[in-house]
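Dropping start-v1.txt in here (compact mmCIF, C-alpha atoms):
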```
# COMPACT_ATOMS: atom_id res chain seq x y z
CA MET A 10 98.35 -78.00 43.98
CA LYS A 11 101.91 -76.83 44.60
CA ARG A 12 102.23 -73.50 46.35
CA ILE A 13 104.64 -70.57 46.26
CA VAL A 14 104.81 -68.04 49.09
CA LEU A 15 105.88 -64.47 48.32
CA TYR A 16 106.87 -62.17 51.21
CA ASP A 17 106.57 -58.42 50.65
CA ILE A 18 108.77 -57.17 53.48
CA ASP A 19 108.41 -53.41 53.26
CA GLY A 20 106.69 -52.33 50.07
CA LYS A 21 104.22 -49.47 50.10
CA ILE A 22 102.89 -50.28 46.64
CA PRO A 23 102.44 -53.69 44.97
CA ASN A 24 105.87 -55.24 44.39
CA LEU A 25 106.48 -55.58 40.66
CA ALA A 26 109.10 -58.32 40.96
CA LEU A 27 106.87 -60.47 43.17
CA MET A 28 103.96 -60.05 40.77
CA LYS A 29 106.16 -61.22 37.89
CA ILE A 30 107.42 -64.21 39.89
CA SER A 31 103.83 -65.12 40.74
CA SER A 32 102.85 -64.92 37.10
CA PHE A 33 105.76 -67.14 36.05
CA TYR A 34 104.94 -69.89 38.54
CA LYS A 35 101.20 -69.77 37.91
CA LYS A 36 101.96 -70.77 34.32
CA SER A 37 103.44 -73.95 35.76
CA GLY A 38 100.36 -74.69 37.85
CA TYR A 39 101.43 -73.21 41.19
CA GLY A 40 99.12 -71.36 43.52
CA SER A 41 100.52 -68.07 44.83
CA ILE A 42 100.26 -66.80 48.40
CA LEU A 43 101.24 -63.23 49.29
CA SER A 44 102.28 -62.43 52.86
CA ARG A 45 103.16 -59.07 54.38
CA CYS A 46 103.57 -60.73 57.79
CA ILE A 47 106.76 -62.59 58.62
CA THR A 48 105.17 -65.85 59.73
CA TYR A 49 105.89 -69.42 58.73
CA ILE A 50 103.75 -70.75 55.87
CA LYS A 51 104.16 -74.25 54.54
CA ALA A 52 104.73 -74.22 50.78
CA ASP A 53 106.96 -75.63 48.04
CA ILE A 54 108.86 -72.48 47.02
CA TYR A 55 109.64 -69.28 48.91
CA PHE A 56 110.58 -65.78 47.72
CA ALA A 57 110.90 -62.46 49.53
CA SER A 58 111.62 -58.90 48.46
CA THR A 59 112.84 -55.93 50.48
CA ILE A 60 113.02 -52.40 49.11
CA PHE A 61 114.60 -50.54 52.03
CA HIS A 62 117.95 -51.06 53.74
CA ASN A 63 117.03 -50.28 57.33
CA GLU A 64 117.01 -51.97 60.70
CA LYS A 65 113.37 -53.04 60.56
CA SER A 66 113.64 -54.60 57.10
CA LEU A 67 116.93 -56.34 57.83
CA LYS A 68 115.40 -57.82 60.98
CA CYS A 69 112.60 -59.30 58.85
CA VAL A 70 115.18 -60.73 56.46
CA LYS A 71 116.99 -62.41 59.33
CA THR A 72 113.75 -63.89 60.66
CA LEU A 73 112.92 -65.35 57.24
CA LEU A 74 116.40 -66.84 56.90
CA ASP A 75 116.12 -68.36 60.37
CA MET A 76 112.79 -69.94 59.39
CA TYR A 77 113.62 -71.19 55.90
CA GLY A 78 117.39 -71.15 55.56
CA SER A 79 118.55 -71.84 52.02
CA ASP A 80 114.98 -72.71 50.94
CA ILE A 81 114.06 -69.04 50.55
CA CYS A 82 115.34 -66.64 47.89
CA ILE A 83 115.48 -63.04 49.10
CA GLY A 84 116.19 -60.13 46.76
CA GLY A 85 115.47 -56.46 46.27
CA SER A 86 117.36 -53.19 46.47
CA GLY A 87 117.31 -53.31 50.26
CA ILE A 88 119.60 -56.33 50.44
CA ASN A 89 121.15 -57.36 47.13
CA LEU A 90 121.75 -55.19 44.06
CA GLN A 91 123.18 -58.06 42.02
CA LYS A 92 120.29 -60.50 42.35
CA LYS A 93 117.96 -60.04 39.40
CA LEU A 94 114.97 -61.79 37.90
CA LEU A 95 115.69 -64.31 35.18
CA ASP A 96 114.87 -62.90 31.74
CA GLU A 97 111.97 -65.31 31.25
CA THR A 98 110.50 -64.20 34.59
CA ASP A 99 111.14 -60.51 33.98
CA ARG A 100 109.23 -60.73 30.70
CA CYS A 101 106.09 -62.02 32.43
CA PHE A 102 103.00 -59.84 32.65
CA PRO A 103 102.53 -58.82 36.31
CA ASP A 104 100.05 -60.85 38.33
CA TYR A 105 97.95 -58.03 39.77
CA GLU A 106 95.61 -60.60 41.33
CA LEU A 107 98.39 -61.40 43.82
CA TYR A 108 97.59 -58.09 45.55
CA ASN A 109 93.96 -58.01 44.46
CA HIS A 110 95.04 -54.78 42.83
CA ASN A 111 93.23 -53.08 39.98
CA SER A 112 93.56 -49.38 40.86
CA TYR A 113 96.43 -48.77 38.46
CA SER A 114 99.16 -50.61 36.59
CA ILE A 115 102.84 -50.50 37.54
CA GLY A 116 105.95 -50.85 35.44
CA PHE A 117 109.07 -49.61 33.68
CA LEU A 118 109.50 -48.50 30.09
CA THR A 119 113.18 -47.70 30.56
CA ARG A 120 115.71 -48.92 33.12
CA GLY A 121 118.93 -47.49 34.47
CA CYS A 122 120.41 -44.00 34.61
CA ASN A 123 123.51 -42.27 33.26
CA ASN A 124 123.91 -39.69 36.06
CA TYR A 125 125.73 -41.90 38.59
CA CYS A 126 124.84 -39.77 41.61
CA SER A 127 126.82 -41.01 44.61
CA PHE A 128 123.71 -41.37 46.81
CA CYS A 129 121.69 -43.37 44.26
CA LEU A 130 121.66 -47.14 43.80
CA VAL A 131 119.98 -47.18 40.37
CA PRO A 132 123.15 -47.17 38.20
CA LYS A 133 124.73 -49.83 40.43
CA LYS A 134 121.62 -51.97 40.23
CA GLU A 135 120.44 -51.36 36.66
CA GLY A 136 123.43 -49.93 34.80
CA LYS A 137 123.31 -47.33 32.05
CA LEU A 138 120.02 -46.07 30.67
CA ASN A 139 118.26 -48.71 28.59
CA SER A 140 115.54 -47.12 26.45
CA ASN A 141 114.32 -50.43 25.04
CA TYR A 142 113.37 -52.22 28.24
CA ALA A 143 109.62 -52.64 27.75
CA SER A 144 106.41 -51.25 26.27
CA PHE A 145 103.09 -50.35 27.88
CA ASP A 146 101.60 -53.58 26.57
CA ASP A 147 104.05 -55.53 28.75
CA PHE A 148 102.43 -54.42 32.02
CA VAL A 149 99.24 -52.42 31.40
CA PRO A 150 95.96 -54.42 31.27
CA GLU A 151 93.83 -53.69 28.23
CA ARG A 152 91.20 -51.56 29.95
CA GLN A 153 93.42 -49.93 32.55
CA LYS A 154 94.06 -46.21 32.02
CA LYS A 155 95.92 -45.36 35.23
CA VAL A 156 99.65 -46.07 35.03
CA MET A 157 102.38 -45.63 37.65
CA LEU A 158 105.73 -45.37 35.88
CA LEU A 159 108.81 -46.40 37.88
CA ASP A 160 111.35 -45.07 35.35
CA ASN A 161 114.21 -43.15 36.96
CA SER A 162 115.38 -41.15 33.96
CA LEU A 163 112.58 -41.17 31.44
CA LEU A 164 113.16 -37.74 29.86
CA ALA A 165 116.83 -38.59 29.27
CA SER A 166 115.81 -41.47 27.01
CA ASP A 167 116.22 -41.04 23.26
CA LYS A 168 112.66 -42.36 23.08
CA SER A 169 111.21 -39.84 25.53
CA TYR A 170 109.21 -37.96 22.88
CA GLU A 171 107.86 -41.24 21.51
CA ILE A 172 106.89 -42.33 25.03
CA LEU A 173 105.14 -39.05 25.86
CA GLU A 174 103.28 -39.10 22.55
CA SER A 175 102.19 -42.68 23.23
CA ILE A 176 100.81 -41.66 26.65
CA ILE A 177 98.75 -38.94 24.99
CA LYS A 178 97.52 -41.24 22.21
CA ARG A 179 96.48 -43.95 24.67
CA ASN A 180 94.81 -41.35 26.91
CA TYR A 181 96.62 -42.70 29.97
CA ILE A 182 96.53 -41.05 33.37
CA ILE A 183 100.15 -41.11 34.54
CA ASN A 184 102.01 -40.93 37.81
CA PHE A 185 105.71 -40.19 37.21
CA SER A 186 106.57 -41.76 40.55
CA GLN A 187 110.35 -41.26 40.41
CA SER A 188 110.01 -37.65 39.21
CA LEU A 189 111.26 -35.97 36.04
CA ASP A 190 114.64 -34.38 35.37
CA ILE A 191 114.20 -30.61 35.10
CA SER A 192 117.27 -30.29 32.87
CA TYR A 193 115.37 -32.02 30.04
CA LEU A 194 112.40 -29.66 30.23
CA ASN A 195 112.35 -27.74 26.95
CA GLU A 196 109.74 -26.47 24.55
CA ASP A 197 109.16 -29.89 22.99
CA THR A 198 108.88 -31.86 26.24
CA PHE A 199 106.81 -29.11 27.85
CA ASN A 200 104.29 -29.06 24.99
CA LEU A 201 103.86 -32.83 25.37
CA LEU A 202 103.75 -32.88 29.18
CA ILE A 203 100.94 -30.33 29.45
CA LYS A 204 98.80 -32.62 27.27
CA ILE A 205 99.33 -35.53 29.68
CA LYS A 206 97.06 -36.19 32.64
CA SER A 207 99.85 -36.39 35.22
CA MET A 208 98.64 -37.23 38.73
CA ASN A 209 99.86 -37.79 42.27
CA SER A 210 100.54 -41.33 43.54
CA ARG A 211 96.94 -41.76 44.71
CA PHE A 212 95.61 -40.53 41.35
CA THR A 213 93.42 -38.00 43.15
CA LYS A 214 94.76 -34.70 41.78
CA PRO A 215 96.94 -33.35 38.95
CA MET A 216 100.64 -33.28 39.79
CA TYR A 217 104.00 -33.18 38.01
CA TYR A 218 107.08 -34.21 39.99
CA PHE A 219 110.60 -32.87 39.53
CA THR A 220 113.68 -33.25 41.76
CA SER A 221 116.18 -30.80 43.24
CA ASN A 222 118.83 -32.22 45.58
CA THR A 223 121.58 -29.63 45.04
CA VAL A 224 121.97 -25.88 44.66
CA ASN A 225 123.09 -26.39 41.07
CA GLN A 226 119.84 -28.21 40.31
CA ALA A 227 117.89 -25.42 42.00
CA LYS A 228 119.53 -22.94 39.62
CA ILE A 229 118.21 -24.93 36.67
CA PHE A 230 114.67 -24.43 37.99
CA TYR A 231 115.17 -20.67 37.75
CA LYS A 232 116.35 -21.09 34.15
CA LYS A 233 113.23 -23.12 33.37
CA GLU A 234 110.90 -20.70 35.17
CA TRP A 235 109.00 -19.80 31.98
CA TYR A 236 107.89 -23.40 31.50
CA LEU A 237 107.16 -24.02 35.18
CA LYS A 238 104.88 -20.97 35.32
CA LYS A 239 102.87 -22.37 32.40
CA PHE A 240 101.88 -25.54 34.25
CA GLU A 241 98.50 -25.28 35.93
CA ARG A 242 98.89 -23.53 39.28
CA GLY A 243 99.54 -25.90 42.18
CA THR A 244 100.43 -28.89 40.01
CA VAL A 245 104.25 -28.90 40.27
CA THR A 246 105.95 -30.57 43.22
CA VAL A 247 109.70 -30.54 43.79
CA ILE A 248 111.11 -33.56 45.62
CA ILE A 249 113.99 -32.40 47.83
CA MET A 250 116.41 -34.69 49.63
CA PHE A 251 118.22 -33.48 52.75
CA GLY A 252 120.64 -35.12 55.16
CA TYR A 253 123.22 -36.34 52.66
CA ASN A 254 126.00 -33.83 51.97
CA THR A 255 124.51 -30.31 51.98
CA LYS A 256 125.03 -27.45 54.42
CA LEU A 257 122.10 -25.66 56.02
CA SER A 258 122.48 -22.66 53.71
CA GLU A 259 122.28 -24.97 50.70
CA ASP A 260 119.16 -26.70 52.01
CA TYR A 261 117.65 -23.27 52.62
CA GLU A 262 118.50 -22.05 49.12
CA ILE A 263 116.80 -25.07 47.55
CA LEU A 264 113.67 -24.60 49.68
CA LEU A 265 113.66 -20.88 48.95
CA MET A 266 113.65 -21.65 45.22
CA THR A 267 110.35 -23.52 45.52
CA ARG A 268 108.83 -20.61 47.41
CA LYS A 269 110.00 -18.00 44.91
CA LEU A 270 108.69 -20.01 41.96
CA GLY A 271 105.42 -20.98 43.64
CA LEU A 272 106.15 -24.72 43.63
CA PHE A 273 105.28 -27.33 46.27
CA PRO A 274 108.29 -28.78 48.15
CA PHE A 275 108.18 -32.43 49.17
CA VAL A 276 111.09 -33.08 51.53
CA GLN A 277 112.57 -36.46 52.38
CA GLU A 278 115.59 -37.40 54.47
CA TYR A 279 118.36 -39.38 52.82
CA ALA A 280 117.96 -43.09 53.48
CA PRO A 281 121.49 -44.55 53.41
CA ILE A 282 122.17 -47.32 50.93
CA PRO A 283 124.79 -50.01 51.62
CA GLY A 284 128.27 -48.50 51.60
CA VAL A 285 127.10 -44.90 51.21
CA PRO A 286 126.57 -43.20 54.59
CA SER A 287 125.38 -39.61 54.88
CA LYS A 288 128.15 -37.03 54.57
CA ILE A 289 126.79 -34.10 56.54
CA PRO A 290 129.49 -31.37 56.70
CA GLU A 291 130.91 -30.61 60.15
CA ASP A 292 130.10 -26.94 59.53
CA TYR A 293 126.49 -27.70 58.60
CA PHE A 294 125.15 -24.79 60.67
CA ASP A 295 126.45 -21.96 58.52
CA MET A 296 123.55 -19.49 58.52
CA ASP A 297 121.05 -17.65 60.69
CA LEU A 298 118.65 -20.20 62.21
CA ASP A 299 115.97 -17.54 62.53
CA LYS A 300 115.67 -17.58 58.74
CA ILE A 301 114.99 -21.30 58.90
CA ALA A 302 112.41 -20.83 61.66
CA ALA A 303 110.71 -18.14 59.58
CA ILE A 304 110.16 -20.38 56.53
CA ARG A 305 106.51 -20.38 55.48
CA PHE A 306 105.60 -23.24 53.16
CA ARG A 307 102.66 -23.11 50.76
CA THR A 308 100.95 -25.72 52.89
CA ASN A 309 101.05 -26.46 56.60
CA GLY A 310 101.49 -30.17 55.91
CA GLN A 311 103.54 -32.32 58.22
CA ASN A 312 105.85 -33.35 55.38
CA ASN A 313 107.47 -29.93 55.34
CA GLU A 314 107.99 -30.07 59.10
CA LYS A 315 110.24 -33.11 58.60
CA PHE A 316 113.05 -30.79 57.54
CA LEU A 317 112.63 -28.55 60.58
CA ARG A 318 112.65 -31.60 62.85
CA TYR A 319 115.83 -32.81 61.19
CA VAL A 320 117.54 -29.45 61.79
CA ASN A 321 116.26 -29.44 65.37
CA LYS A 322 117.68 -32.89 66.15
CA LEU A 323 121.00 -32.14 64.44
CA HIS A 324 121.32 -28.89 66.40
CA PHE A 325 120.85 -30.80 69.66
CA LYS A 326 123.30 -33.50 68.58
CA THR A 327 125.88 -30.86 67.66
CA TYR A 328 125.48 -28.36 70.50
CA GLY A 329 123.52 -30.17 73.22
CA LYS A 330 120.70 -27.61 73.07
CA TYR A 331 117.40 -27.21 71.25
CA TYR A 332 116.95 -23.81 69.61
CA LEU A 333 113.64 -22.50 70.97
CA PRO A 334 112.52 -20.39 67.96
CA LEU A 335 113.01 -23.48 65.77
CA LEU A 336 110.89 -25.59 68.11
CA LYS A 337 108.13 -22.99 67.97
CA ALA A 338 108.27 -23.15 64.16
CA ILE A 339 107.93 -26.95 64.19
CA TYR A 340 104.78 -26.81 66.28
CA ARG A 341 103.39 -23.69 64.61
CA TYR A 342 100.56 -25.52 62.83
CA ASN A 343 100.34 -29.19 63.76
CA ASN A 344 100.34 -30.97 67.12
CA LYS A 345 100.78 -27.65 68.90
CA LYS A 346 100.85 -29.31 72.32
CA GLY A 347 103.84 -31.39 71.23
CA ILE A 348 106.21 -28.58 72.18
CA ASN A 349 105.35 -29.05 75.85
CA LYS A 350 107.69 -32.03 76.22
CA TYR A 351 110.55 -29.65 75.39
CA LEU A 352 109.31 -26.75 77.47
CA GLU A 353 109.25 -29.06 80.49
CA GLN A 354 113.05 -29.36 80.16
CA PRO A 355 114.24 -25.71 80.08
CA HIS A 356 117.85 -26.74 80.73
CA LEU A 357 117.88 -28.23 77.21
CA LEU A 358 116.57 -25.07 75.54
CA SER A 359 118.46 -22.07 74.23
CA ASP A 360 117.71 -18.75 72.53
CA LYS A 361 121.36 -18.60 71.50
CA GLN A 362 122.65 -19.57 68.06
CA TYR A 363 125.96 -21.38 67.98
CA TYR A 364 126.92 -21.27 64.34
```
Is it possible to express this structure as structure tokens?
Amino acid sequence: MKRIVLYDIDGKIPNLALMKISSFYKKSGYGSILSRCITYIKADIYFASTIFHNEKSLKCVKTLLDMYGSDICIGGSGINLQKKLLDETDRCFPDYELYNHNSYSIGFLTRGCNNYCSFCLVPKKEGKLNSNYASFDDFVPERQKKVMLLDNSLLASDKSYEILESIIKRNYIINFSQSLDISYLNEDTFNLLIKIKSMNSRFTKPMYYFTSNTVNQAKIFYKKEWYLKKFERGTVTVIIMFGYNTKLSEDYEILLMTRKLGLFPFVQEYAPIPGVPSKIPEDYFDMDLDKIAAIRFRTNGQNNEKFLRYVNKLHFKTYGKYYLPLLKAIYRYNNKKGINKYLEQPHLLSDKQYY
């Protein structure tokens, strides 16, 4: 039997493109081999996919090219936005057996986005919003009820109501993995969303995801407060990106919004895409750092500490000193002994603010 090897370089969930490629070649009698390790495997055809554009992933890409040369086809948003699946491959039902995966189904109903945010690769990769990309039947097995949607702008689709109604009718349990756009939350969408079993990525607890990357977006959350308060308590998470082009006061205002509205913040640092470096303002430190150190999140989870660590590192990079009250805030709950490595170097510490 002929064999095809599929390398998943950096995926955290089953790679949809690789599953479709596997399905396509299995129809022609090939056997599929999935590898997450970058080791040589003798086969007839080779594919690889990388999601992230970082040093570790690019190193893996180089290793694969050194091993296989022109015999391997490597794609994915981490390396090539122009390389796409052929239509006949893209239309294939995903081969979930490739990952021995049956926990949930994965797919898109819509593709693209009309927002054209400068930090986002979706419009460059997928173009304008296409509301007619696929249906649930194109990627959800008959008896599967858990569905992870990868759509980037679902509520902006002119078929959003139809999609939400279909989710309710099919009694699906949904993870809106790329979050929902708060600006499209109105009485109609709200009344449909609260009827949907929306869950976190592990499908272990109810959760709705929205995004706020700018102060202007944060203001929209205040305008939609009536709807947000009507969701079951503790089920709304706001994904917040930092480290792209905001000042400290702007980051603080966005975080403060989640606290005032009783929402969970989920912070993540901007991961640069090709050609779009971070644009952190030179005057980033434009407010009282003690206010940052005094932030109390609804949870003591390590995710929220990522932002404090980012501010801490940037402060040292900018001024050559760590701000001691900020360090104490970082180690307030978790890994409390971790602060010792800083305390052992008092010449690098300061109680003085430089902004």
Check which residues of range 314-357 of chain A sit at most 9 Å from range 268-289 of chain A using only C-alpha atoms, and return one row each with the closest pair of atoms and their distance in Å to one decimal, ordered by chain and rising number, as CSV.
```
residue,atom,partner,partner_atom,distance
A:Glu314,CA,A:Val276,CA,8.7
A:Lys315,CA,A:Val276,CA,7.1
A:Phe316,CA,A:Val276,CA,6.7
A:Tyr319,CA,A:Glu278,CA,8.1
```
Distance in Å - CA of Asn139 in chain A versus CA of Asp190 in chain A: 16.3 Å
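For the pair CA of Lys337 in chain A and CA of Phe251 in chain A, the separation is 21.1 Å.
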Residues of range 234-270 of chain A that have any atom at most 12 Å from an atom of range 120-136 of chain A: could you tabulate them with the shortest-distance atom pair and the distance in Å to one decimal, using only C-alpha atoms, ordered by chain and increasing number, as CSV?
```
residue,atom,partner,partner_atom,distance
A:Met250,CA,A:Phe128,CA,10.3
A:Phe251,CA,A:Phe128,CA,11.3
A:Gly252,CA,A:Phe128,CA,10.9
A:Tyr253,CA,A:Phe128,CA,7.7
A:Asn254,CA,A:Phe128,CA,9.4
```
For CA of Gly40 in chain A and CA of Ser112 in chain A, quote the distance in Å rounded to one decimal.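 Here the two named atoms are 22.8 Å from each other.
Nearest to Gln226 in chain A of all the residues A:Leu264, A:Thr244, A:Asn184, A:Asp197 is A:Leu264, based on only C-alpha atoms.
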Residues within 8 Å of range 66-77 of chain A, all atoms listed in the file, excluding chain neighbours under 2 positions, as a PyMOL selection string: chain A and resi 18-19+47+49+59+61-64+79-81+83+87-88
For a cut-off of 8 Å around (107.2, -22.1, 61.5), file coordinates, pick out all residues using only C-alpha atoms and list them as a list in words.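 Within the cut-off we find Ala302, Ala303, Ile304, Arg305, Leu335, Lys337, Ala338, Ile339, Tyr340, Arg341 and Tyr342 of chain A.
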For Asp297 in chain A, the nearest of the candidates A:Tyr261, A:Phe199, A:Phe325, A:Tyr16, counting only C-alpha atoms: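 Answer, going by the shortest atom-to-atom distance: A:Tyr261.
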Nearest residue to Thr98 in chain A out of A:Leu333, A:Leu118, A:Leu43, A:Leu27, using only C-alpha atoms?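 Distance minimum relative to Thr98 in chain A lands on A:Leu27.
Closest approach to Glu234 in chain A from the set A:Asn195, A:Ser169, A:Asp260, A:Leu265 is made by A:Asn195, with distances taken over only C-alpha atoms.
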Please list as a VMD selection string every residue within 8 Å of Pro23 in chain A, counting only C-alpha atoms and excluding residues in the same chain fewer than 5 positions away. chain A and resid 28 108 110
Nearest to Ile182 in chain A by atom-to-atom distance, counting all atoms listed in the file, from A:Ile203, A:Met208, A:Met216, A:Leu194: A:Met208
Test item: residues at most 6 Å from Asp147 in chain A, all atoms listed in the file, excluding those fewer than 2 positions along its chain, as a list of chain:residue names: A:Phe102, A:Ser144, A:Phe145
Selected residues written out, C-alpha atoms, as an mmCIF file, in the coordinates of the input:
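File again.cif, as written:
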```cif
data_model
loop_
_atom_site.group_PDB
_atom_site.id
_atom_site.type_symbol
_atom_site.label_atom_id
_atom_site.label_comp_id
_atom_site.auth_asym_id
_atom_site.auth_seq_id
_atom_site.Cartn_x
_atom_site.Cartn_y
_atom_site.Cartn_z
ATOM 1 C CA PHE A 102 103.000 -59.840 32.650
ATOM 2 C CA SER A 144 106.410 -51.250 26.270
ATOM 3 C CA PHE A 145 103.090 -50.350 27.880
#
```
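If all atoms listed in the file are the atoms counted, then among A:Ile30, A:Ala57, A:Leu107, A:Met296 the closest residue to Leu15 in chain A is A:Ala57.
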Spatial neighbours of Leu358 in chain A, 8 Å, all atoms listed in the file, chain gap at least 3 places, as a PyMOL selection string: chain A and resi 330-333+351-352+354-355
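For Ser58 in chain A, the residues within 6 Å (counting only C-alpha atoms, excluding itself and residues fewer than 6 positions away along the chain) are Asp17, Ile83, Gly84 and Gly85 of chain A.
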